[in-house]
Structure formats: structure tokens, C-alpha cells
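Scroll down for the structure; my scribbles are underneath it.
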Amino acid sequence: MGLLTILKKMKQKEKEVRLLMLGLDNAGKTTILKKFNGEDIDTISPTLGFNIKTLEHRNFKLNIWDVGGQKSLRSYWRNYFESTDGLIWVVDSLDRLRLQDCKQELQSLLQEERLAGATLLVFANKQDISGALTSEAIKEAMDLENIQTHHWLIIGCSAVTGQNLLEGIDWIIDDIASRIFTMD
Amino acid sequence: MATVLENDLEEAEPLGCGSIHEGFKEIDEVRNLASSLPDIFKDQVTVETNYERFLYIIDQYQEQPHLIDPHLECLLNQLLGIARDAMSPPELQNQAFKYLYLITKMRGSKVVVRLFPHEVVDVEPLLALINHQDPTNFETWETRYVLLLWLSMACMIPFDLSRLDSNILLESGERKKPVMDRILDIGKTYLTMTDKSRDAAAYLMSRFMTRPDVKKQKLPEFLDWTLKIITTADMTKIMEAQKLTGVLYTLSLIFKHGKREDLLEYAPVILQKVRELNLKESSNTLLRKLGMKVVQRLGLTFLKGRVATWRYQRGSRSLAENLKKQDGAGQQGQIGGVVGKEEEEEEEYDIPDEIEDVIEQFLNGLRDKDTIVRWSAAKGVGRITGRLPKELADEVLGSVLELFSLQETDGAWHGGCLALAELGRRGLLLPQRLSDVVPVVLKALVFDEKRGNFSVGAHVRDSACYVCWAFARAYESKEIIPYVDKIARALVIVSIFDREVNVRRASSAAFQENVGRQGTLPHGIDILTTCDYFAVGNRTHCYLELSIYVAQFKEYTQALIDHLVEAKINHWDSAIRELSAKALHNLTTKAPDYIAKTVLPSLIPMATCLDLHMRHGAILAAAEITHALSILAAEQGRSLSEYISPEVISGLQGIAKKLHEAKLFRGLGGELMRKAVCTLVNKVSLSKLPYHNDPILDLWQEVLDDCLHHVEKDVQSAATSAIPAFFTEYYRQEDGSVKADKQVQVIENYLKVLRSNNEASRMGYCQVLGVLPQFMVSGKLRMILVGLIQVTQFDDKSEEKFAEARRDALNAITGIINTVGVEIKGDPSRVLCVDNVGQVYDAFFTAMKDYTMDSRGDVGAWVREASMIGLHSVTSLIARTAVDLITPQISERVFTLLVQQACEKIDRTRAHAGAMFAKLLHHRPLVPHVPNREQLEKIFPENGIDSINWAAPADTFGKFTQLLEFPTYAYSVLLGLTVSVGGLTESLVKYSCASLHTYLRFACKDIEQLTSCANILTQIFSDYLKVDRVSIPMLKMLDQLLSKGCFEILTHDESHTFPPKVLELVKQEINKSGDPHKLMASADVFCGLLQFSGEVRKKSLVNLSIFLCHKFPRVRKTTANKLYEALMTYDDVAPPENLDEIITILSETNWDEELTTLRLIRNNLCDLLQIPKPVLRIPTE
């Protein structure tokens, strides 16, 4: 395996991005994934397990892992942390009650060694429904400003209308691509 | 620039594959193969052919596996549908799994595994399927491999596995074993297998054991199990070593996938046990590599992970992206997060003692004799060091640098470079250490260790390029700047002067990365756009063109020259030495003073040193440089002595003498020295160095002459290219005339050797006579021609065949005549003239009949080809300068001979003849007296002549058979055709035969024309009677023509002379012949002759009846068959009332029987055919 082989492999890897999509149950993770993939979003039931979708976007190959958010499943999230380039955290902007829950789950994820160095994108979902908290309010409530360990972005979006989904994904890809690639 | 870089990388991608694909174009076929499985799985033959086809298609994409991605999901679903269907019979399932395996092999298991179904409902059926497998069936390992991979995905479901267990009792009354236990059992079973399924099992176990629930309940127990295997395994036994392989692989994967904190408590004991295995001493490479991997993962478990703080500051992943402007506008959300501070405070924590042991194992691994182990160790060094505090990291680097000593093997250098690169690209080489690292890397970039006739080190140089590439990514420009010139020079030198293409390309890639990310390399962009991936692919181009381009930049000029002198003119590969010398010639103009004052004088002592390679390279380099300087001096109107000092002049003069005295022209390396001195003499002659009348000339003459005797063609041609320049410079007087004494001496000596019994000598001296300059030939032409013509003459009596010497002699005649030219009434000792033109043409004409055969086949063809070249060249010369010398006889012979060759059977020779024929036919000024010129120009019109492929039978035979109409050409055409029609090559026989057939059937308007053709045929036959080269094809051709009915109109004319003549000739041809091929061919002709009634038929039958009792059974059988066919074809051959009986006898007799029995049967046949019985001639009775 000479330098040319290494470069060839790297060239292929550079174009592959692994994204892990997590969040509490009913946040809309699977809907976002399906919307993004152009699939039907009318009949979506709670994810009992996980989905993996490979999408081509802007010449990048996105491997998106979407894992169910029920409480019983959360302890298994860590099975999917390996070699994650970016974490997409989806928040239900209507779910005021569990916002603290949501904050805690995210905080503990950010402590995780294997997610150190990953980029964080927070989707404040369900902005199309009236009464939704703004992304600003969620940022405050979740104390995002204090995150020093990861590059992050919060963006309001709607999985149903597709609003801002692309913008969010574009940002996370840009951020991942703008750091130099290391093989670990 | 961005586009250039992008293209480079894009196109560089499919490196090493034969073809480049744009997409997975066989997808429909592949899907059809998959969907047809249920229909064909019972048919073994189709199953195998389909499998082979599937394999073939899939293998095409091994180098570009991503192309299948758009279709991967549907293809997998299709195959999985068959594979998991409970209704599918096992054979069908296995076949589907085989296909799945092939896809996995091509695309990689990690990608494919993502697409396997992983829902809760999948687990139970999957486990059932696996339980049905026989782990030892060697025909279905693909099934088990794919199933285990699948399970590794399915077992990632985020539920407690105990929720899958049912409480229903089995028939036996027991409770079904829990899923967790069952998967564990499967894992343990397959981990100890010897086939590929072991790898999948290892992957499965790593996924499975790191689940939170399994980890809690089963991990300690499982690790115990692995430790037991590790401690008890006897590596010298194959089966146990296999088991160990599986276990080590699993451990490395568990520690890779698992959560560090969970596994930390187990790491020390495992590390200890693995160390106790002492894998370093094992001869099993795979085990050593896996040991490295395990140690690496354990080491990482001891240390907390860290994220490189500078990862956002070195540009983006892709270099091309990096160069585009980043536009940060249009962000709607809110961004935050810390961009790591430059000086991050070191977190204080204890480094466990085990780390020291881990690193020691890596350092040993870097020295390993196998690349894969070194690689693994290097990655380990990089990863572990990334988690160490600065001081410790620096210690690691210190230890790695110790590998670069002359006592270490090339392997250690390679390992060291890999480790440096891995450290470098992680930014772990501290800038202050660059002063230690850079010199080592520069040495490694040109590492080349001679091992006799070859050398090792390409891998070291390649990995050194990797280090340079890594520098570009990990450092800020300001840190690299002190070293940038050195690195740039070294990389450019490797890019254009390395022997190996992959190293040149690697270096070019590293240079590109440095230019792209650092931007401080002198003339970086100019050089990288010129010396790109493709340009450095061709070595000659690199040495002779790119070197000049780079040398125009003064930062590089001297470095390039010095590198060639220090490292390349003494290279072990002579091709490199020769290229280096030529490159130095070209580079001379870029730094003439440096070359003249420093380089050239330093080469003189090297030219007579002890090292053969250096001696050879230095002589060549000195010769080339001297020549280049002389050209330069002439251009500048300066005297050569301004560049070349008297010391150098006498040094060059002394080289041959010293070599001669040291007896270096003999023995090992003698050939190289001879070639080198030939080049030296050639170049100093061209440079007009003042050695006139010096005694050294005699020695040079002796060396050159000696080389001409040499059996190696290279040596001979080195001498033949040196001699003209040598004579021209040193054997000519001021007024341009020859020094008579030298001329007499040289020519007489050369002519004497032409009569040598050694073919190589004859060849060498013929060649040199052909290239003599005019002043050397002048006055001696008569002698020389006589001598050469003698060589061209074929001597039947001699045992030696000397075809190549004859070829070279003919070429020499051609060469000389072109040198001296033509004057009609000139002096035959000076020029070609009326007195010697006949002699020359005769030599060429005679050579056209050279059909010498030896073990290599028709070697006479070389002679004929040389003769054709000569005929064309000389005729063309005369037509241009003294056209009257061409007589009608000469013209006719030239054209008929070329036409004959153009109809014969060797494609190459025919092509040659056709081309020469066409050139002479359309020669300007015209070649006079060409017979039937008008008609020839119609058949071969000038404007279509270039499109004819003279080697293709389909193109040419149709045209040349049209010449049969003209009496002058008919004989030649038929003679040529005979050999072709009766030949062996299918296309040749097909087209030649068809052309002749068409001509005879349709072009011959009347019996008269056919008769004349027939007469020529019989004429040829009688001319070449018993000459097998022509006569056997002649028999075959006659058979073809007769059986195709070409002579059918003659059957009505019993008085025609053709049939009896043929009969008579065939009888003479087979008289006393024991060649079964000839006999069988003649039987065919006899059968063909049966169509002519009367005497001919009767006699043919008699001859056939003799064959029926021939002593060779083969001949008897063939004859019976042929006769049977003939009787069915031609009417009236046998009395109608007997026909049935005759046919029965012919077909039912066993012709292998005793001759005495057969004779009775045969005699009976004769009676039935109403012909006399042959009488056995036995003189003694």
C-alpha cells in the first residue's frame, strides 16, 4: 500500500459523511429523514429500532443513522457512536414539558468520548405549527451557548414543509468538510 | 489551479485497473442473473456458467466499487428475498448467498452490511437459518459468511435481547435457550473455524459483545474464554493458529467498537497474555499483524481520546475544495462552539505503565519483515501518540528516529517513514523537531540499497513521499519555511528521476499537496502543472524533457545535476545510467560552466574506478557531456578548449587505455565497457577532440573492430554507430580525402572477416560496411561489392545457414549504394554505374529465391525482405538520378518478383512486397519499362493505394489474381498463389483460393485462356517437382480446383493435354515418396481426376487402388473415404450395376486389417471397377 493507494482511499472517504440523528421520541427524526429522501411522510410510526439511509447530496455520500428515541432505547444509542462526523439533534419545538429532559440527554451525549470532535446540528422541528417555541427560545432553554466542545448550529425547521432542512444539512456538511480529515 | 488539482486526483483514481468505467452498466444483466436463480438452480451447468458470468462482471468493478451504489439496495433485496425465503430449497439459498458474497467482496462488507434487514422480526428466522448450517461444509462457506455478517447488523437492534425470548415450552418440555446465549454460541463456534466465516464471526462478536445488555451479562465470561484460547494455543499447529487468529481479530474489534470506559478494566490482563504469546517470533504474518492490532486497541483503551485542536485550521478535507473561496454568507441559524485555542492546556492525568510496553511492541513492529505488520505498527504509533502528553510524544518520536540508521534493514526504514507520516499527519511532530526529521526524510526519499543485480528501497522512497505529503497537511507554512527549498528539491528530483513509476507519482502527489497547502515552494505551480501524475508516467519523458523544464528554475538546476551524478549514473539498472547520461547532455546547456568545471573533471576518475556500474555510467556521462559542450561551444562561436581543460582532454583519451590495461573489456561487465567506449569514441569524434594521429586511435580502432565480432547485437550496433563518426574525424585529411594507408588497412581487414565462419562476425562487418562514409568507400567499391555479394550467395553445401548474415549483406549493399550514388558512365570503383549495376541487381534477384528454413521457420523471409528493400531503394535511386541504367529486363524481373512475393503466404513478407510494389509502380519520376503499366495502374490506382492493407489477404488477393491475364505476370502470380492456396492459415487459404477460383470460373472467357493458365500450372509443377515447399501446396491446390469444378469444361474434350499431364506429374511427385501428407494429398488429386473420362480416369483408379493397399493404414483409410466421395460425386466412374457393391465394400471394410486380407478385397474392387489389378512388385520372388 503506497501513497497513491492511501490517497485513493482517502479521496473516497473524504466524500463520505456519517451523521447520527438522535432526539427524544416523537421529535420527528424519521420524518426529517424521509422528507429529505423524498419519501412519503403520511404514515410514520414510532421507530422501533433504527434506520440507515444513504443519500447523495452535493457530491457527498451521507450515511444517516436514525435511531428511535423512546426512553427504553436511549441506553442503546451508544452502539451507534463510532466514527460519527456529525450529530443531528432533533427537538420537538412544541414539547415544552420535556425540554429539560431533552437538554439533559443532549448534555450527556456531548460528554461522550466517541462523539468528541463531531459537529452538532440542532433542528428545532415543527416550526410550521403555531405555538412552537422559536429556535432562540430553545437555545436559551437548552443552554446551547455554553457548549464549548463542539461546533454547533440551531436552526428552526419543519419536517412536514421541508423548511430549512436543506440549510441545516448544508451547514453540517460544510462544517465537517472544512476540517482536515484524520483517519480515526 | 483548482481545476488542475481536481483533475489530477479524479483521474488518478482508477489506478492499477485495466479499464475505467463510468457506471455499473451491466446492472440489468446482473439483476437477470439474480432473478433467474430459482429457475436454473437445479441445472448444474447453467448454475456454473451464470456464476462465472456474475463473478466476471463483479470483478470488473473491484477498483471502482462505488459505482454499484445506486443499485446496491435493490440488488441486495432481490438476492436476500431468495435467500431468506423459507420455501427456497437449500441449493437455491446457497447460490443466492454466493452472489451476495461476491457483492460483499467487491463493495466491502462494511458498506453492504448496512443494507441488511435489522428489525426485531428478522432475528429469530436468521438464527434458525444459521443453526441449519453445517459449519464444516466447505462448499457453502459463503452462506455462513453472509449470514454471520447479517446477524452482526441484526444484533444491533436497540432493545434488550431478553425481550425477544418467549416463554413457550418446546415439545421436549425445555425452555428455548435465550437469544443472547444462542448468538454467543454461534460466535464461539465460528470464531474457531478456518474459513472466511471466521472474519464475519469476529465482526459479529465485536458488535454483539459491546451491546450494553450483553456487555453486562456476558463480556467477562467471553473474555475469559478468549484468554483461555490465547494461553493454551500452540501456534505451531495450524488449527490452533487459526483459532488464535479468530480470537485476536475479535479482541481487536471489540476494543475498537466498545466504549473505552467499559473495557478499561480488562485491558491490562489481555495485554499481558498477548505479550506472553511472544508473537514477534512467530512466522505467521497474519498473527503478528493481528497482535499489533490488539496491542494498539488495548493501548488506546488506556488513554483518553483527544481531538486535534488545529483540525479547522489546515484547510478542508479535499485539497480542491480548500482552494475555492469559502462563502460563509446566508446562515439563518445561530452558530457557536469553540475553535480550539492554539495552546490548549495539557490535561494532567496518569499514563499507565502499560503504555511503555505497548510502544515498545510498536517499535519492534515497525522493524518487522512484513509490510502489513509495519503498517499496523505505524498506525498504532500515530494513534497512541495522539493521546500522549507532549513530552512523552516527543520521546516516541525520538525512538522512531532511531530506526533510521545504516544498521537497520530497509524494512525498518520503511516502518520508520510510515510512523513519521502517521505522526506527521496528526500534527504530532513538534515544529522544533523538524530539524531532526527533515534530514532523515530527505535521505529516505532517495533510499536505494543495492543487492547485486537489483536493489530494494522503492517502498522506503514511497513512504518518504507520504511523510512529505503529511507535512503539508499538518504544519503552518511558517514552520516549514526553513526546510521548504530542500523538500521541494528532493520531491522534484524523485518525481522526475526515480526509477519506479509509482514513486515518481507519489512524489508528484506529495509535491502537489505541498504547493496546494503551503504555497511556498519555489515555482511550485509551474512545476506541478508540468510534472503532473500523467507526465511523470513515462520515464524517458521525465529524464529528457521534464528535467530540462525544471532545470530552467535556478533553485533546482544544480540539485538535479548533482543528483544524477551522485545517485543515478552509478545506478544498478543500465537503462537508468544511459538515461542519466542523456539527461546530463540535455542539462549541460542549463549550467555549462558548472558542468564543465566541476562535473566533467569529477567523472574522469570515476570512469576507470572499480565499480562496474559507476564506470559504465561515468564513461557515458563524460561522453555525452563532452558532446553537449562541443555543440554549445560551436553555437556560441567559442573554442571547445574554453570549456574543456587539457587535463580533461587527456583524461578522456586515457580511459580506453586504462580499461584495456586493466583487462576490463573481458569477463563480467566487458560488454558494458565495450558499449561505453564505443559511445565515448562516437561522441569525442563528433566533438572533434584533438586526438588526430595519436596512437590512441589504433587502440580505439581495435576496440571498435572487436565489438563487431560480438554476439550481442547491442554491442555491434554501438560500434557501427561509432565508426562513421570516428573515421570521418580521424581518418580524413584536411582536403577531405582519405588517409590512404588507413583505408587500405581497414577495408582489407573488414573484407577478410566477411569470409569468417562465425555468423556474428559476418553480420557485424556487413553492417559496418553498409554505413561507411563515402570517402572511405571511394576507390574500393568494386572490392567491397564483390565481398558483400559473396556473403549474399547461398551456399548449399555449408552446414551453416547464415540467413541473417545474408540479410545484413543485402542491407549493406543497399546502404553503400545510397552513400556512393549513381553515374551512368562512372568509375565502378567509386559509384554505381553501367559496369556494376547488373551485378548488384543479380544479387538482389538471387536473394529473392532464398527460402532457407531452420528451427525458427522460414528465415529466408528476412533475406527476401532485405532484398525487396534493396530493390526498391536502388531502383528508386537510379530512377531519380540515372534512369537509363534500368533495362527492360531489370524492370520486368523487379516487378514479377515483387508480385510473386505479394502473393505468398507470410503476411509480413506479403505486406512488405505489396508496399514496395506500390511505391515503385507510382514512383516519380517513373520507373521505365514496367510491363503492363497501364493495366497495373488501373488495378492499383494511385489515389486508393494508401488505404490498402497489404498484410490482409482479403484486401490484396483479389487484385493480384487479376494479373493472371497478363502473360508476363501469370507465372509469378500462380507460383505465389500455389503456396498460399495450399497453405495452412485459414484466412489466407480462404481469400487466396476464392480469388483464384473466381478468376478461373468467370474471368477466363474461353478454353484457350483456361488452357494457358493450366499450362502455366503444369509448368510450375514440373519446375518445382519434388520441391516440397511448392509441390505439396500444389497438390492441395489442384485438389481444390478440381473438386470445385474449375476445369469442368475440359471434361468434354478427351484430347486435352492438361489432365494426363497432371496425372503424370503427380505420379512422378509421389514416386518413392514416403511422406504420408504428400501421398494423401495426391490421393485427393487422383480422385479429382476421376471426372475426366477415358484413360486418365482409368489410370487414376489404378493409382487409387494401389493406395488402398498402401503400407500406411492412414493412407488406405483416407483413400477409401475419398474414393467413396468421388464415386458419389462423379457419374459413370464405376459400372452402374456394380456401384452399390463397390460403395458397400469401401465403407464397410476395416482398412486397418492385415494387408494380405485387404489385398483380396481390393482385387475384388478392381474387378468391379473393371480395371486391372495392380501387381505386387517383389523382385526377389
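Identifiers in this document derive from the order of the C-alpha cells: chains are assigned A, B, ..., residues are numbered from 1 separately in each chain, and ligands are numbered from 1 in order of occurrence.
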Residue contacts of region 281-286 of chain B (9 Å, only C-alpha atoms) excluding same-chain residues fewer than 4 positions away, as an MDAnalysis selection string: chainID B and resid 235:236 241 245 290:291 369:370 372:373
Output C-alpha atoms for every residue in that selection, as a compact mmCIF listing (two decimals), in the first residue's frame.
# COMPACT_ATOMS: atom_id res chain seq x y z
CA MET B 235 0.91 -21.68 17.39
CA THR B 236 2.92 -24.30 15.62
CA ALA B 241 -3.07 -20.88 14.97
CA THR B 245 -6.32 -15.67 14.56
CA LEU B 290 -3.32 -9.08 14.50
CA GLY B 291 -1.13 -8.98 17.58
CA LYS B 369 9.88 -8.03 7.81
CA ASP B 370 6.33 -7.85 6.50
CA ILE B 372 1.30 -5.28 6.76
CA VAL B 373 2.77 -5.63 10.24
Test item: residues at most 12 Å from Gln1068 (chain B), only C-alpha atoms, excluding those fewer than 2 positions along its chain, as a PyMOL selection string: chain B and resi 1021-1022+1024-1026+1031+1061-1066+1070-1073+1078-1079+1082
Grab the residues selected above and save them as a tab-separated table (two decimals), in the first residue's frame with C-alpha atoms.
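Full text of out-v6.tsv as output:
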chain	number	residue	atom	x	y	z
B	1021	PHE	CA	4.56	-28.20	-61.10
B	1022	SER	CA	7.29	-29.63	-63.28
B	1024	TYR	CA	9.24	-27.50	-58.67
B	1025	LEU	CA	8.82	-31.25	-58.88
B	1026	LYS	CA	9.97	-32.80	-55.61
B	1031	SER	CA	4.84	-29.29	-54.64
B	1061	LYS	CA	-0.10	-34.08	-67.73
B	1062	VAL	CA	-1.29	-33.57	-64.18
B	1063	LEU	CA	-1.66	-37.32	-63.76
B	1064	GLU	CA	1.85	-37.88	-64.99
B	1065	LEU	CA	3.34	-35.15	-62.76
B	1066	VAL	CA	1.55	-36.43	-59.67
B	1070	ILE	CA	4.93	-39.46	-55.34
B	1071	ASN	CA	7.42	-41.82	-56.84
B	1072	LYS	CA	9.41	-43.33	-54.00
B	1073	SER	CA	7.90	-40.84	-51.56
B	1078	LYS	CA	2.06	-35.89	-49.81
B	1079	LEU	CA	0.51	-39.29	-50.53
B	1082	SER	CA	-2.10	-36.92	-54.19
Atom-to-atom span, CA of Ser75 (chain A) and CA of Met209 (chain B), Å: 15.0 Å
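For chain A, the residues within 7 Å of chain B are Gly2, Leu3, Leu4, Lys8, Glu14, Gly49, Ile52, Leu73, Tyr76, Asn79, Glu82, Glu113, Ala116, Gly117, Glu145, Ile147, Gln148, Thr149, His150, His151, Trp152, Leu153, Ile154, Ile155, Ala177, Ser178, Arg179, Ile180 and Phe181 of chain A, with only C-alpha atoms used to measure distance.
Here the helix (DSSP H, G or I) residues in region 24-59 of chain A, by DSSP on the backbone, are Lys29, Thr30, Thr31, Ile32, Leu33, Lys34, Lys35 and Phe36 of chain A.
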Contacts of Asp85 (chain A) at 9 Å (only C-alpha atoms; same-chain gap of 2+ positions) as a PDB file with N, CA, C and O atoms, in the first residue's frame:
ATOM      1  N   VAL A  17     -19.774  10.958   4.563  1.00  0.00           N
ATOM      2  CA  VAL A  17     -20.018  11.598   5.848  1.00  0.00           C
ATOM      3  C   VAL A  17     -20.986  10.725   6.637  1.00  0.00           C
ATOM      4  O   VAL A  17     -21.989  10.258   6.098  1.00  0.00           O
ATOM      5  N   ARG A  18     -20.646  10.474   7.884  1.00  0.00           N
ATOM      6  CA  ARG A  18     -21.567   9.688   8.710  1.00  0.00           C
ATOM      7  C   ARG A  18     -22.252  10.610   9.711  1.00  0.00           C
ATOM      8  O   ARG A  18     -21.602  11.276  10.519  1.00  0.00           O
ATOM      9  N   LEU A  19     -23.559  10.655   9.628  1.00  0.00           N
ATOM     10  CA  LEU A  19     -24.351  11.520  10.502  1.00  0.00           C
ATOM     11  C   LEU A  19     -25.226  10.650  11.398  1.00  0.00           C
ATOM     12  O   LEU A  19     -25.839   9.694  10.934  1.00  0.00           O
ATOM     13  N   LEU A  20     -25.285  11.008  12.664  1.00  0.00           N
ATOM     14  CA  LEU A  20     -26.119  10.269  13.609  1.00  0.00           C
ATOM     15  C   LEU A  20     -27.256  11.199  14.028  1.00  0.00           C
ATOM     16  O   LEU A  20     -27.019  12.323  14.468  1.00  0.00           O
ATOM     17  N   SER A  83     -17.210   6.416  14.803  1.00  0.00           N
ATOM     18  CA  SER A  83     -16.828   7.228  13.636  1.00  0.00           C
ATOM     19  C   SER A  83     -17.945   8.139  13.115  1.00  0.00           C
ATOM     20  O   SER A  83     -18.235   8.179  11.930  1.00  0.00           O
ATOM     21  N   LEU A  87     -23.503  15.080  14.511  1.00  0.00           N
ATOM     22  CA  LEU A  87     -24.667  14.657  15.285  1.00  0.00           C
ATOM     23  C   LEU A  87     -25.810  15.616  14.955  1.00  0.00           C
ATOM     24  O   LEU A  87     -25.641  16.834  15.036  1.00  0.00           O
ATOM     25  N   LEU A 115     -17.948  10.882  20.619  1.00  0.00           N
ATOM     26  CA  LEU A 115     -18.578  11.943  19.830  1.00  0.00           C
ATOM     27  C   LEU A 115     -17.771  13.243  19.909  1.00  0.00           C
ATOM     28  O   LEU A 115     -18.162  14.251  19.330  1.00  0.00           O
ATOM     29  N   GLY A 117     -15.437  15.956  18.936  1.00  0.00           N
ATOM     30  CA  GLY A 117     -14.971  16.324  17.608  1.00  0.00           C
ATOM     31  C   GLY A 117     -16.057  16.282  16.559  1.00  0.00           C
ATOM     32  O   GLY A 117     -15.844  16.746  15.441  1.00  0.00           O
ATOM     33  N   ALA A 118     -17.229  15.732  16.874  1.00  0.00           N
ATOM     34  CA  ALA A 118     -18.305  15.730  15.892  1.00  0.00           C
ATOM     35  C   ALA A 118     -18.981  17.095  15.889  1.00  0.00           C
ATOM     36  O   ALA A 118     -19.004  17.803  16.884  1.00  0.00           O
ATOM     37  N   THR A 119     -19.540  17.444  14.744  1.00  0.00           N
ATOM     38  CA  THR A 119     -20.259  18.712  14.624  1.00  0.00           C
ATOM     39  C   THR A 119     -21.703  18.494  15.091  1.00  0.00           C
ATOM     40  O   THR A 119     -22.279  17.444  14.834  1.00  0.00           O
ATOM     41  N   ILE A 176     -18.204  19.961   8.486  1.00  0.00           N
ATOM     42  CA  ILE A 176     -17.399  18.729   8.506  1.00  0.00           C
ATOM     43  C   ILE A 176     -16.305  18.801   7.452  1.00  0.00           C
ATOM     44  O   ILE A 176     -15.147  18.473   7.692  1.00  0.00           O
TER      45      ILE A 176
END
Contacts of Val1115 (chain B) within 8 Å, only C-alpha atoms, excl. fewer than 6 positions in-chain, as number ranges by chain: B: 1076, 1079-1080, 1107-1108
